[in-house]
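What follows is a set of notes on a single structure, which appears directly below.
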Amino acid sequence: MKRPLNIALAVIAVIACQGCKDDSTTVVKHSTNPEEVPTMTTTDVQTVISDAGHTRYRISAKVWNMFEEAKTPHWTFPKGVTCEELDNKYETTSTLKCDSAYFDKMQNLWTLTGNVRITNPGGDVVLTDELMWDQHQHKLYSEAFIHIEKQGRIIEGYGYESNEQLTSYRLRQVEAIFPIDERRMPHPGSGNVAPSGPPPAPPKPVQSPKETDNNNKV
């Protein structure tokens, strides 16, 4: 009487074991598009980037998406990014802020968009809505409208190119040059808050050349 029961229990045990084994080894495949789905997403980021063995940049961002498996590996910062350039003593020499950014890892090329603002230790300020930053060639450039505050004057135009320190720049098409007046309303999209009260009449441009090239050190 016990033998059939033992056999039945043994069969049940084998079936149970096989069922457990099947459950533990079952793999559900889920395909993702590496061009659309990030390899990793990090929030509230603070990190540093090295160049030639030296820490040169400190980056902070609310959201950092890494697309490492994409055909062109890249990073995106959909909620903005702040970047500080550091000297050999790890002190900040320049700052850069924008509403969103795209970094091409293969070309070491940044595309910065939305209320882009750059400053350097000399107090120079660059405002625009789109800016490219080539870390290989150590230069900044843009075809968008540019607002520059430098050496007591405001320069506005298109076709901007500069070194990373903002000490040497070039504008292919200058729209106007004004003495700095803090009451003057900034160009739309610059990210600055307009002053209260009616703005004064803007002064006449000092000059309106088609091209300017400034190589003075600050």
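Residues are named by chain letter and number: chains run A, B, ... in the order of the structure tokens, numbers start at 1 in each chain, and ligands are numbered from 1 in the order shown.
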
Item to check | Backbone-only DSSP, strand (DSSP E or B) members of stretch 73-104 of chain A, as JSON, numbers by chain | outcome: {"A": [74, 75, 76, 77, 81, 82, 83, 84, 85, 86, 92, 93, 94, 95, 96, 97, 98, 100, 101, 102, 103, 104]}

Under the rule of at most 12 Å, produce a per-residue listing of stretch 106-194 of chain A near stretch 72-96 of chain A: chain, number, name, the closest pair of atoms, and the distance in Å, as a tab-separated table, using only C-alpha atoms.
residue	atom	partner	partner_atom	distance
A:Met106	CA	A:Pro73	CA	6.9
A:Gln107	CA	A:Thr72	CA	9.5
A:Asn108	CA	A:His74	CA	9.4
A:Leu109	CA	A:His74	CA	9.6
A:Trp110	CA	A:Trp75	CA	9.4
A:Thr111	CA	A:Thr76	CA	9.6
A:Leu112	CA	A:Gly80	CA	8.9
A:Thr113	CA	A:Gly80	CA	8.8
A:Gly114	CA	A:Gly80	CA	8.7
A:Asn115	CA	A:Gly80	CA	9.7
A:Val116	CA	A:Leu96	CA	7.3
A:Arg117	CA	A:Leu96	CA	5.7
A:Ile118	CA	A:Leu96	CA	4.5
A:Thr119	CA	A:Thr95	CA	5.4
A:Asn120	CA	A:Ser94	CA	4.3
A:Pro121	CA	A:Thr93	CA	5.7
A:Gly122	CA	A:Thr93	CA	9.2
A:Gly123	CA	A:Ser94	CA	9.6
A:Asp124	CA	A:Ser94	CA	9.7
A:Val125	CA	A:Thr95	CA	9.8
A:Val126	CA	A:Leu96	CA	9.4
A:Leu127	CA	A:Leu96	CA	10.1
A:Thr128	CA	A:Leu96	CA	11.5
A:Leu131	CA	A:Leu96	CA	10.6
A:Met132	CA	A:Leu96	CA	11.8
A:Trp133	CA	A:Leu96	CA	10.4
A:Gln135	CA	A:Glu85	CA	11.6
A:His138	CA	A:Glu85	CA	11.8
A:Leu140	CA	A:Leu96	CA	11.3
A:Asn163	CA	A:Ser94	CA	11.6
A:Glu164	CA	A:Ser94	CA	8.3
A:Gln165	CA	A:Ser94	CA	6.8
A:Leu166	CA	A:Ser94	CA	8.8
A:Thr167	CA	A:Ser94	CA	11.1

Next on the checklist: If we count only C-alpha atoms and set the cut-off at 10 Å, which residues sit around A:Asn33, ignoring sequence neighbours fewer than 5 positions away in its own chain? Please answer as a list of chain:residue names.
Outcome noted: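 The contact residues come out as A:Pro38, A:Glu69, A:Ala70.
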
Write a file of the just-selected residues containing N, CA and C atoms, as a PDB file, in the first residue's frame.
ATOM      1  N   PRO A  38      17.698  55.264 -23.592  1.00  0.00           N
ATOM      2  CA  PRO A  38      19.057  55.452 -23.068  1.00  0.00           C
ATOM      3  C   PRO A  38      19.584  54.206 -22.382  1.00  0.00           C
ATOM      4  N   GLU A  69      24.841  52.786 -26.646  1.00  0.00           N
ATOM      5  CA  GLU A  69      24.683  51.760 -27.666  1.00  0.00           C
ATOM      6  C   GLU A  69      24.155  52.314 -28.987  1.00  0.00           C
ATOM      7  N   ALA A  70      23.946  53.605 -29.068  1.00  0.00           N
ATOM      8  CA  ALA A  70      23.466  54.210 -30.305  1.00  0.00           C
ATOM      9  C   ALA A  70      24.564  54.193 -31.369  1.00  0.00           C
TER      10      ALA A  70
END

Checklist entry - Leaving out A:Phe145 and any residue of its chain fewer than 6 positions from it, which residues lie within 12 Å of it when counting only C-alpha atoms, given as a ChimeraX atom specification? => result /A:114-116,126-131,155-160,171-176,187-190

Checklist outcome for this item: Correct to one decimal, the distance atom CA of A:Thr41-atom CA of A:Phe67 is 9.0 Å

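Considering the residues A:Ser142, A:Gln151, A:Ser162, A:Thr32 and counting only C-alpha atoms, A:Pro179 has its shortest atom-to-atom contact with A:Gln151.
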
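From atom CA of A:Ser100 back to atom CA of A:Ile49, the distance works out to 18.4 Å.
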
Item to check | Between atom CA of A:Trp64 and atom CA of A:Thr42 - distance in Å to one decimal | outcome: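 The value is 5.1 Å.
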